[in-house]
Amino acid sequence: MARRWTNDLTLSDVTPKQAYLNRRQLIGAAGAMSLIGGAAAAATDETLEPNTFEEITSYNNFYEFGTGKTDPADHAHQLTIAPWSIRIDGLVDTPGDYAADDIIAQMDIEERIYRLRCVEAWSMVIPWQGFELADLLALAGPKPEARFVEFQTLLRPEEMPGQKFPILDWPYIEGLRIDEAMHPLTIMATGIYDEPMPKQNGAPMRLVVPWKYGFKSIKSIVRITLTDTQPRTTWNKAAAAEYGFYANVNPNVSHPRWRQDTERRVGGGLFSSRIDTLMFNGYDEVAGLYDGMDLEQNF
Ligand SMILES: Nc1nc2c(c(=O)[nH]1)N[C@H]1C(S)=C(S)[C@@H](COP(=O)(O)O)O[C@H]1N2
Ligand SMILES: [Mo]
C-alpha cells in the first residue's frame, strides 16, 4: 500500500532507474533542455534534480565522526550496525527493545524524494527509502498524555571518534512535538537510492523531517522516548539563541552566521547559483501545525 504525497516525487518521476550512475550526464541534459525551455524549466529542473549517490555520501554532517564534511565518509566504516535495536519507552503501552530488522520487515517501505536544507545554508535533494514514523510509534502505542517524542543517537566512543571530544553533549538528542512526529511527511529512513542506509548518513535508521533544518533529522537512532515535556535537544543546549527547538526552515529568520533566505544546492551543476529558500523548505502542507504560533519567536 504505497502512499504518495503531492510534495514528494518518486525517483521514477525524475529519472529512469538505469540512469542513477549517469547523473552527471543527466544534469548536463537537463541543463541543455533548460536553456532551450527557458527560465521556468531551469528553476524546476534545479529544484527537482536529486543529488548523486556520491554527493549524498561524501558531504555530510555527523559530528560523532568529526566536524569536517568528509569525516563521516572517512570514519563511519568503524561503526558496527548489526545487531541493532531501538528502545521505545516512556509514555507508550508496550515499551521495549525493537530489533531493527523486525521493524523494517513490518514496515511499508516507500521512496520519498525530499529536499534537505542544512542550517548552514546548503541543501541537497535526496531519494530516501523509509517508512512513516507514525507507523513505528503505532507499534509501541503512544499514550494520550504523550506530547513530545525524544530521539537519541548511539553513544559508542570506541567506534565514533568525535564522541571522545566534548564538541557536543553526547549522545546527540533531538525531539519533535507529537503532531510533528505523526505527520505523514516525517519518516524513518532506511536507505538511499535503493541501497541500505550508508553509515555516514545514519545507518541503520535515521529520522528525516524535510520541513526542518537538517540537524533535526537525527541519525543512527537507538532510543525513542515519548514524553509530556519538551526534550532538551543537543544543538539547543549548545547554543539556544542559534538553534531553536522547532527549527522550521524559515527564510525570514536569519542565523547569526548564515543568511537563511537563500541556499547553495550542493553539486548544482550548470545552475550552481544560490536558490531561494522556501518557508517550511517548500512543504507548505505542514503550515497548519503552527496555526497561531509566532514562528519568529518559536524559531
Ligand atoms: N547523530 C547525529 N545526527 C545528525 C547530525 C549529527 O552530527 N549527529 N547532523 C545533522 C545535520 S546538521 C544535518 S544537516 C544532517 C545531514 O544529513 P546527511 O549527512 O545525511 O546529509 O544530519 C543531521 N543528523
Ligand atoms: Mo545541518
# chains A, B, ... in the order shown; residues from 1 in each chain; ligands from 1

call {"tool": "residues_near_ligand", "arguments": {"ligand": "ligand 1", "cutoff": "7 Å", "atoms": "only C-alpha atoms and all ligand atoms", "output": "list in words"}}
result
Ile56, Tyr59, Asn60, Asn61, Phe62, Tyr63, Glu64, Arg117, Cys118, Val119, Thr153, Tyr172, Gln200, Asn201, Gly202, Tyr213, Gly214, Phe215, Lys216, Ser217, Ile218, Lys219 and Ser220 of chain A

call {"tool": "residues_around", "arguments": {"residues": "Asp93 of chain A", "least_positions_apart": "5", "cutoff": "8 Å", "atoms": "only C-alpha atoms", "output": "compact mmCIF listing (two decimals) with N, CA and C atoms, in the first residue's frame"}}
result
# COMPACT_ATOMS: atom_id res chain seq x y z
N ALA A 140 4.38 0.73 19.33
CA ALA A 140 4.54 0.83 20.78
C ALA A 140 3.30 1.43 21.45
N GLY A 141 2.42 2.05 20.66
CA GLY A 141 1.17 2.57 21.21
C GLY A 141 1.36 3.77 22.12
N PRO A 142 1.51 4.97 21.54
CA PRO A 142 1.65 6.18 22.38
C PRO A 142 0.43 6.37 23.26
N LYS A 143 0.65 6.72 24.52
CA LYS A 143 -0.47 7.03 25.42
C LYS A 143 -0.97 8.44 25.11

call {"tool": "select_by_dssp", "arguments": {"residues": "segment 38-256 of chain A", "states": "strand (DSSP E)", "output": "PDB file with N, CA and C atoms, in the first residue's frame"}}
result
ATOM      1  N   SER A  85      19.102  -2.455  17.802  1.00  0.00           N
ATOM      2  CA  SER A  85      17.711  -2.350  18.215  1.00  0.00           C
ATOM      3  C   SER A  85      17.426  -0.937  18.684  1.00  0.00           C
ATOM      4  N   ILE A  86      16.178  -0.598  18.684  1.00  0.00           N
ATOM      5  CA  ILE A  86      15.738   0.719  19.132  1.00  0.00           C
ATOM      6  C   ILE A  86      14.845   0.534  20.348  1.00  0.00           C
ATOM      7  N   ARG A  87      15.250   1.152  21.452  1.00  0.00           N
ATOM      8  CA  ARG A  87      14.389   1.108  22.643  1.00  0.00           C
ATOM      9  C   ARG A  87      13.301   2.175  22.502  1.00  0.00           C
ATOM     10  N   ILE A  88      12.062   1.729  22.595  1.00  0.00           N
ATOM     11  CA  ILE A  88      10.955   2.692  22.572  1.00  0.00           C
ATOM     12  C   ILE A  88      10.327   2.651  23.956  1.00  0.00           C
ATOM     13  N   ASP A  89      10.359   3.808  24.627  1.00  0.00           N
ATOM     14  CA  ASP A  89       9.900   3.799  26.021  1.00  0.00           C
ATOM     15  C   ASP A  89       9.205   5.105  26.375  1.00  0.00           C
ATOM     16  N   GLY A  90       8.966   5.285  27.658  1.00  0.00           N
ATOM     17  CA  GLY A  90       8.225   6.460  28.103  1.00  0.00           C
ATOM     18  C   GLY A  90       6.731   6.211  28.043  1.00  0.00           C
ATOM     19  N   GLY A  96       9.810  -1.270  24.996  1.00  0.00           N
ATOM     20  CA  GLY A  96      10.701  -2.412  24.812  1.00  0.00           C
ATOM     21  C   GLY A  96      11.769  -2.121  23.791  1.00  0.00           C
ATOM     22  N   ASP A  97      12.617  -3.165  23.582  1.00  0.00           N
ATOM     23  CA  ASP A  97      13.678  -3.068  22.578  1.00  0.00           C
ATOM     24  C   ASP A  97      13.159  -3.697  21.302  1.00  0.00           C
ATOM     25  N   TYR A  98      13.083  -2.917  20.264  1.00  0.00           N
ATOM     26  CA  TYR A  98      12.562  -3.374  18.971  1.00  0.00           C
ATOM     27  C   TYR A  98      13.747  -3.578  18.027  1.00  0.00           C
ATOM     28  N   ALA A  99      13.957  -4.808  17.575  1.00  0.00           N
ATOM     29  CA  ALA A  99      15.085  -5.098  16.690  1.00  0.00           C
ATOM     30  C   ALA A  99      14.890  -4.388  15.350  1.00  0.00           C
ATOM     31  N   GLU A 110       8.745   2.819   1.385  1.00  0.00           N
ATOM     32  CA  GLU A 110       8.449   3.620   0.198  1.00  0.00           C
ATOM     33  C   GLU A 110       9.636   4.500  -0.124  1.00  0.00           C
ATOM     34  N   GLU A 111       9.548   5.100  -1.306  1.00  0.00           N
ATOM     35  CA  GLU A 111      10.570   6.055  -1.710  1.00  0.00           C
ATOM     36  C   GLU A 111      10.023   7.463  -1.523  1.00  0.00           C
ATOM     37  N   ARG A 112      10.841   8.323  -0.945  1.00  0.00           N
ATOM     38  CA  ARG A 112      10.456   9.735  -0.786  1.00  0.00           C
ATOM     39  C   ARG A 112      11.633  10.584  -1.235  1.00  0.00           C
ATOM     40  N   ILE A 113      11.431  11.391  -2.233  1.00  0.00           N
ATOM     41  CA  ILE A 113      12.481  12.318  -2.648  1.00  0.00           C
ATOM     42  C   ILE A 113      12.214  13.643  -1.962  1.00  0.00           C
ATOM     43  N   TYR A 114      13.120  13.993  -1.040  1.00  0.00           N
ATOM     44  CA  TYR A 114      12.934  15.200  -0.241  1.00  0.00           C
ATOM     45  C   TYR A 114      14.121  16.143  -0.408  1.00  0.00           C
ATOM     46  N   ARG A 115      13.821  17.434  -0.317  1.00  0.00           N
ATOM     47  CA  ARG A 115      14.892  18.409  -0.154  1.00  0.00           C
ATOM     48  C   ARG A 115      15.388  18.339   1.295  1.00  0.00           C
ATOM     49  N   LEU A 116      16.713  18.444   1.487  1.00  0.00           N
ATOM     50  CA  LEU A 116      17.301  18.547   2.827  1.00  0.00           C
ATOM     51  C   LEU A 116      18.001  19.898   2.901  1.00  0.00           C
ATOM     52  N   ARG A 117      17.566  20.727   3.838  1.00  0.00           N
ATOM     53  CA  ARG A 117      18.124  22.084   3.974  1.00  0.00           C
ATOM     54  C   ARG A 117      18.870  22.169   5.299  1.00  0.00           C
ATOM     55  N   TRP A 122      23.344  25.148   3.011  1.00  0.00           N
ATOM     56  CA  TRP A 122      23.495  24.312   1.816  1.00  0.00           C
ATOM     57  C   TRP A 122      22.317  23.341   1.787  1.00  0.00           C
ATOM     58  N   SER A 123      22.070  22.791   0.634  1.00  0.00           N
ATOM     59  CA  SER A 123      20.940  21.865   0.525  1.00  0.00           C
ATOM     60  C   SER A 123      21.236  20.776  -0.495  1.00  0.00           C
ATOM     61  N   MET A 124      20.450  19.727  -0.405  1.00  0.00           N
ATOM     62  CA  MET A 124      20.540  18.617  -1.355  1.00  0.00           C
ATOM     63  C   MET A 124      19.122  18.129  -1.624  1.00  0.00           C
ATOM     64  N   VAL A 125      19.001  17.284  -2.641  1.00  0.00           N
ATOM     65  CA  VAL A 125      17.753  16.562  -2.893  1.00  0.00           C
ATOM     66  C   VAL A 125      18.102  15.080  -2.790  1.00  0.00           C
ATOM     67  N   ILE A 126      17.416  14.374  -1.873  1.00  0.00           N
ATOM     68  CA  ILE A 126      17.834  13.007  -1.545  1.00  0.00           C
ATOM     69  C   ILE A 126      16.683  12.029  -1.753  1.00  0.00           C
ATOM     70  N   PRO A 127      16.909  10.985  -2.548  1.00  0.00           N
ATOM     71  CA  PRO A 127      15.892   9.944  -2.703  1.00  0.00           C
ATOM     72  C   PRO A 127      16.026   8.898  -1.589  1.00  0.00           C
ATOM     73  N   TRP A 128      15.226   9.071  -0.554  1.00  0.00           N
ATOM     74  CA  TRP A 128      15.269   8.161   0.598  1.00  0.00           C
ATOM     75  C   TRP A 128      14.378   6.953   0.360  1.00  0.00           C
ATOM     76  N   GLN A 129      14.673   5.841   1.001  1.00  0.00           N
ATOM     77  CA  GLN A 129      13.684   4.795   1.264  1.00  0.00           C
ATOM     78  C   GLN A 129      13.398   4.839   2.758  1.00  0.00           C
ATOM     79  N   GLY A 130      12.155   4.548   3.102  1.00  0.00           N
ATOM     80  CA  GLY A 130      11.827   4.561   4.517  1.00  0.00           C
ATOM     81  C   GLY A 130      10.349   4.338   4.744  1.00  0.00           C
ATOM     82  N   PHE A 131       9.917   4.614   5.982  1.00  0.00           N
ATOM     83  CA  PHE A 131       8.512   4.416   6.348  1.00  0.00           C
ATOM     84  C   PHE A 131       8.114   5.553   7.269  1.00  0.00           C
ATOM     85  N   GLU A 132       6.834   5.736   7.422  1.00  0.00           N
ATOM     86  CA  GLU A 132       6.379   6.844   8.249  1.00  0.00           C
ATOM     87  C   GLU A 132       6.664   6.566   9.723  1.00  0.00           C
ATOM     88  N   PHE A 148       5.380  14.879  23.319  1.00  0.00           N
ATOM     89  CA  PHE A 148       6.636  15.053  22.594  1.00  0.00           C
ATOM     90  C   PHE A 148       7.299  13.705  22.369  1.00  0.00           C
ATOM     91  N   VAL A 149       8.212  13.676  21.397  1.00  0.00           N
ATOM     92  CA  VAL A 149       9.000  12.475  21.135  1.00  0.00           C
ATOM     93  C   VAL A 149      10.470  12.871  21.156  1.00  0.00           C
ATOM     94  N   GLU A 150      11.252  12.153  21.964  1.00  0.00           N
ATOM     95  CA  GLU A 150      12.689  12.409  22.058  1.00  0.00           C
ATOM     96  C   GLU A 150      13.440  11.276  21.369  1.00  0.00           C
ATOM     97  N   PHE A 151      14.466  11.635  20.620  1.00  0.00           N
ATOM     98  CA  PHE A 151      15.256  10.647  19.864  1.00  0.00           C
ATOM     99  C   PHE A 151      16.705  10.727  20.329  1.00  0.00           C
ATOM    100  N   GLN A 152      17.358   9.574  20.357  1.00  0.00           N
ATOM    101  CA  GLN A 152      18.738   9.538  20.815  1.00  0.00           C
ATOM    102  C   GLN A 152      19.587   8.712  19.858  1.00  0.00           C
ATOM    103  N   THR A 153      20.782   9.235  19.553  1.00  0.00           N
ATOM    104  CA  THR A 153      21.755   8.511  18.713  1.00  0.00           C
ATOM    105  C   THR A 153      22.610   7.614  19.603  1.00  0.00           C
ATOM    106  N   ILE A 173      20.852  14.274  20.868  1.00  0.00           N
ATOM    107  CA  ILE A 173      19.420  14.150  21.181  1.00  0.00           C
ATOM    108  C   ILE A 173      18.630  15.125  20.305  1.00  0.00           C
ATOM    109  N   GLU A 174      17.529  14.670  19.788  1.00  0.00           N
ATOM    110  CA  GLU A 174      16.613  15.569  19.084  1.00  0.00           C
ATOM    111  C   GLU A 174      15.197  15.311  19.561  1.00  0.00           C
ATOM    112  N   GLY A 175      14.273  16.151  19.122  1.00  0.00           N
ATOM    113  CA  GLY A 175      12.898  15.995  19.577  1.00  0.00           C
ATOM    114  C   GLY A 175      11.911  16.646  18.642  1.00  0.00           C
ATOM    115  N   LEU A 176      10.696  16.143  18.699  1.00  0.00           N
ATOM    116  CA  LEU A 176       9.579  16.701  17.925  1.00  0.00           C
ATOM    117  C   LEU A 176       8.364  16.771  18.834  1.00  0.00           C
ATOM    118  N   ARG A 177       7.456  17.665  18.508  1.00  0.00           N
ATOM    119  CA  ARG A 177       6.138  17.613  19.116  1.00  0.00           C
ATOM    120  C   ARG A 177       5.421  16.400  18.539  1.00  0.00           C
ATOM    121  N   ILE A 187       9.532  10.795   8.268  1.00  0.00           N
ATOM    122  CA  ILE A 187       9.867   9.378   8.041  1.00  0.00           C
ATOM    123  C   ILE A 187      11.086   8.933   8.838  1.00  0.00           C
ATOM    124  N   MET A 188      11.151   7.622   9.024  1.00  0.00           N
ATOM    125  CA  MET A 188      12.383   6.959   9.419  1.00  0.00           C
ATOM    126  C   MET A 188      12.955   6.430   8.117  1.00  0.00           C
ATOM    127  N   ALA A 189      14.153   6.875   7.783  1.00  0.00           N
ATOM    128  CA  ALA A 189      14.757   6.480   6.513  1.00  0.00           C
ATOM    129  C   ALA A 189      15.680   5.288   6.740  1.00  0.00           C
ATOM    130  N   THR A 190      15.577   4.334   5.817  1.00  0.00           N
ATOM    131  CA  THR A 190      16.354   3.093   5.920  1.00  0.00           C
ATOM    132  C   THR A 190      17.317   2.912   4.749  1.00  0.00           C
ATOM    133  N   GLY A 191      17.254   3.811   3.768  1.00  0.00           N
ATOM    134  CA  GLY A 191      18.140   3.673   2.619  1.00  0.00           C
ATOM    135  C   GLY A 191      18.133   4.897   1.732  1.00  0.00           C
ATOM    136  N   ILE A 192      19.054   4.886   0.781  1.00  0.00           N
ATOM    137  CA  ILE A 192      19.197   5.948  -0.222  1.00  0.00           C
ATOM    138  C   ILE A 192      19.457   5.274  -1.560  1.00  0.00           C
ATOM    139  N   GLU A 195      19.839   1.562  -1.833  1.00  0.00           N
ATOM    140  CA  GLU A 195      20.921   0.914  -1.085  1.00  0.00           C
ATOM    141  C   GLU A 195      20.584   1.044   0.400  1.00  0.00           C
ATOM    142  N   PRO A 196      20.982   0.043   1.227  1.00  0.00           N
ATOM    143  CA  PRO A 196      20.791   0.222   2.671  1.00  0.00           C
ATOM    144  C   PRO A 196      21.469   1.517   3.125  1.00  0.00           C
ATOM    145  N   ARG A 206      17.469   6.475  10.395  1.00  0.00           N
ATOM    146  CA  ARG A 206      17.556   7.858  10.881  1.00  0.00           C
ATOM    147  C   ARG A 206      16.255   8.572  10.570  1.00  0.00           C
ATOM    148  N   LEU A 207      16.040   9.642  11.333  1.00  0.00           N
ATOM    149  CA  LEU A 207      14.844  10.454  11.131  1.00  0.00           C
ATOM    150  C   LEU A 207      15.056  11.374   9.925  1.00  0.00           C
ATOM    151  N   VAL A 208      13.978  11.654   9.183  1.00  0.00           N
ATOM    152  CA  VAL A 208      14.014  12.716   8.171  1.00  0.00           C
ATOM    153  C   VAL A 208      12.734  13.556   8.316  1.00  0.00           C
ATOM    154  N   ILE A 221      19.613   6.048  15.184  1.00  0.00           N
ATOM    155  CA  ILE A 221      18.788   6.164  16.392  1.00  0.00           C
ATOM    156  C   ILE A 221      18.762   4.856  17.184  1.00  0.00           C
ATOM    157  N   VAL A 222      18.965   4.958  18.504  1.00  0.00           N
ATOM    158  CA  VAL A 222      18.877   3.781  19.386  1.00  0.00           C
ATOM    159  C   VAL A 222      17.761   3.885  20.414  1.00  0.00           C
ATOM    160  N   ARG A 223      17.195   5.079  20.547  1.00  0.00           N
ATOM    161  CA  ARG A 223      16.153   5.206  21.576  1.00  0.00           C
ATOM    162  C   ARG A 223      15.142   6.278  21.172  1.00  0.00           C
ATOM    163  N   ILE A 224      13.886   5.959  21.405  1.00  0.00           N
ATOM    164  CA  ILE A 224      12.787   6.894  21.133  1.00  0.00           C
ATOM    165  C   ILE A 224      11.915   6.916  22.385  1.00  0.00           C
ATOM    166  N   THR A 225      11.798   8.094  22.997  1.00  0.00           N
ATOM    167  CA  THR A 225      11.062   8.202  24.259  1.00  0.00           C
ATOM    168  C   THR A 225       9.897   9.172  24.091  1.00  0.00           C
ATOM    169  N   LEU A 226       8.698   8.680  24.407  1.00  0.00           N
ATOM    170  CA  LEU A 226       7.508   9.528  24.372  1.00  0.00           C
ATOM    171  C   LEU A 226       7.386  10.209  25.733  1.00  0.00           C
ATOM    172  N   THR A 227       7.204  11.513  25.734  1.00  0.00           N
ATOM    173  CA  THR A 227       7.199  12.246  27.000  1.00  0.00           C
ATOM    174  C   THR A 227       6.090  13.299  27.022  1.00  0.00           C
TER     175      THR A 227
END

call {"tool": "closest_residue", "arguments": {"among": "A:Asp261, A:Lys164, A:Val253, A:Tyr283", "to": "Leu185 of chain A", "atoms": "only C-alpha atoms"}}
result
A:Tyr283

call {"tool": "atom_distance", "arguments": {"atom1": "atom CA of Val249 of chain A", "atom2": "atom CA of Val286 of chain A"}}
result
11.5 Å

call {"tool": "residues_around", "arguments": {"residues": "Glu242 of chain A", "least_positions_apart": "5", "cutoff": "9 Å", "atoms": "only C-alpha atoms", "output": "list of chain:residue names"}}
result
A:Trp235, A:Asn236, A:His255, A:Pro256, A:Phe299

call {"tool": "write_last_selection", "arguments": {"atoms": "N, CA and C atoms", "output": "short mmCIF file (atom, residue, chain, number, x, y, z; two decimals), in the first residue's frame"}}
result
data_model
loop_
_atom_site.label_atom_id
_atom_site.label_comp_id
_atom_site.auth_asym_id
_atom_site.auth_seq_id
_atom_site.Cartn_x
_atom_site.Cartn_y
_atom_site.Cartn_z
N TRP A 235 21.57 20.58 20.03
CA TRP A 235 22.01 21.87 19.47
C TRP A 235 21.40 23.02 20.25
N ASN A 236 20.20 22.84 20.79
CA ASN A 236 19.60 23.88 21.59
C ASN A 236 20.39 24.07 22.89
N HIS A 255 20.16 33.37 10.84
CA HIS A 255 21.03 32.81 11.86
C HIS A 255 22.24 33.75 11.97
N PRO A 256 22.85 33.85 13.16
CA PRO A 256 23.98 34.78 13.29
C PRO A 256 25.09 34.55 12.24
N PHE A 299 11.53 29.87 16.87
CA PHE A 299 12.33 29.54 15.68
C PHE A 299 12.98 28.18 15.84
#

call {"tool": "atom_distance", "arguments": {"atom1": "atom CA of Ala146 of chain A", "atom2": "atom CA of Val92 of chain A"}}
result
7.9 Å

call {"tool": "closest_residue", "arguments": {"among": "A:Leu136, A:Arg265, A:Tyr246, A:Glu120", "to": "Asp102 of chain A", "atoms": "only C-alpha atoms"}}
result
A:Leu136

call {"tool": "closest_residue", "arguments": {"among": "A:Trp170, A:Asn51, A:Ala247, A:Leu154", "to": "ligand 2", "atoms": "only C-alpha atoms and all ligand atoms"}}
result
A:Ala247

call {"tool": "closest_residue", "arguments": {"among": "A:Pro231, A:Gly267, A:Pro166, A:Pro198", "to": "Glu49 of chain A", "atoms": "only C-alpha atoms"}}
result
A:Gly267

call {"tool": "atom_distance", "arguments": {"atom1": "atom CA of Thr70 of chain A", "atom2": "atom CA of Arg257 of chain A"}}
result
21.2 Å

call {"tool": "closest_residue", "arguments": {"among": "A:Ser58, A:Thr233, A:Thr52, A:Thr67", "to": "ligand 2", "atoms": "only C-alpha atoms and all ligand atoms"}}
result
A:Thr67

call {"tool": "select_by_dssp", "arguments": {"residues": "segment 6-222 of chain A", "states": "alpha helix (DSSP H)", "output": "ChimeraX atom specification"}}
result
/A:11-14,23-37,39-48,53-58,71-75,100-106,133-140,178-182

call {"tool": "residues_around", "arguments": {"residues": "Thr80 of chain A", "least_positions_apart": "6", "cutoff": "10 Å", "atoms": "only C-alpha atoms", "output": "VMD selection string"}}
result
chain A and resid 156 159 199 203 to 204

call {"tool": "closest_residue", "arguments": {"among": "A:His75, A:Lys212, A:His183, A:Arg274", "to": "Gly162 of chain A", "atoms": "only C-alpha atoms"}}
result
A:His75
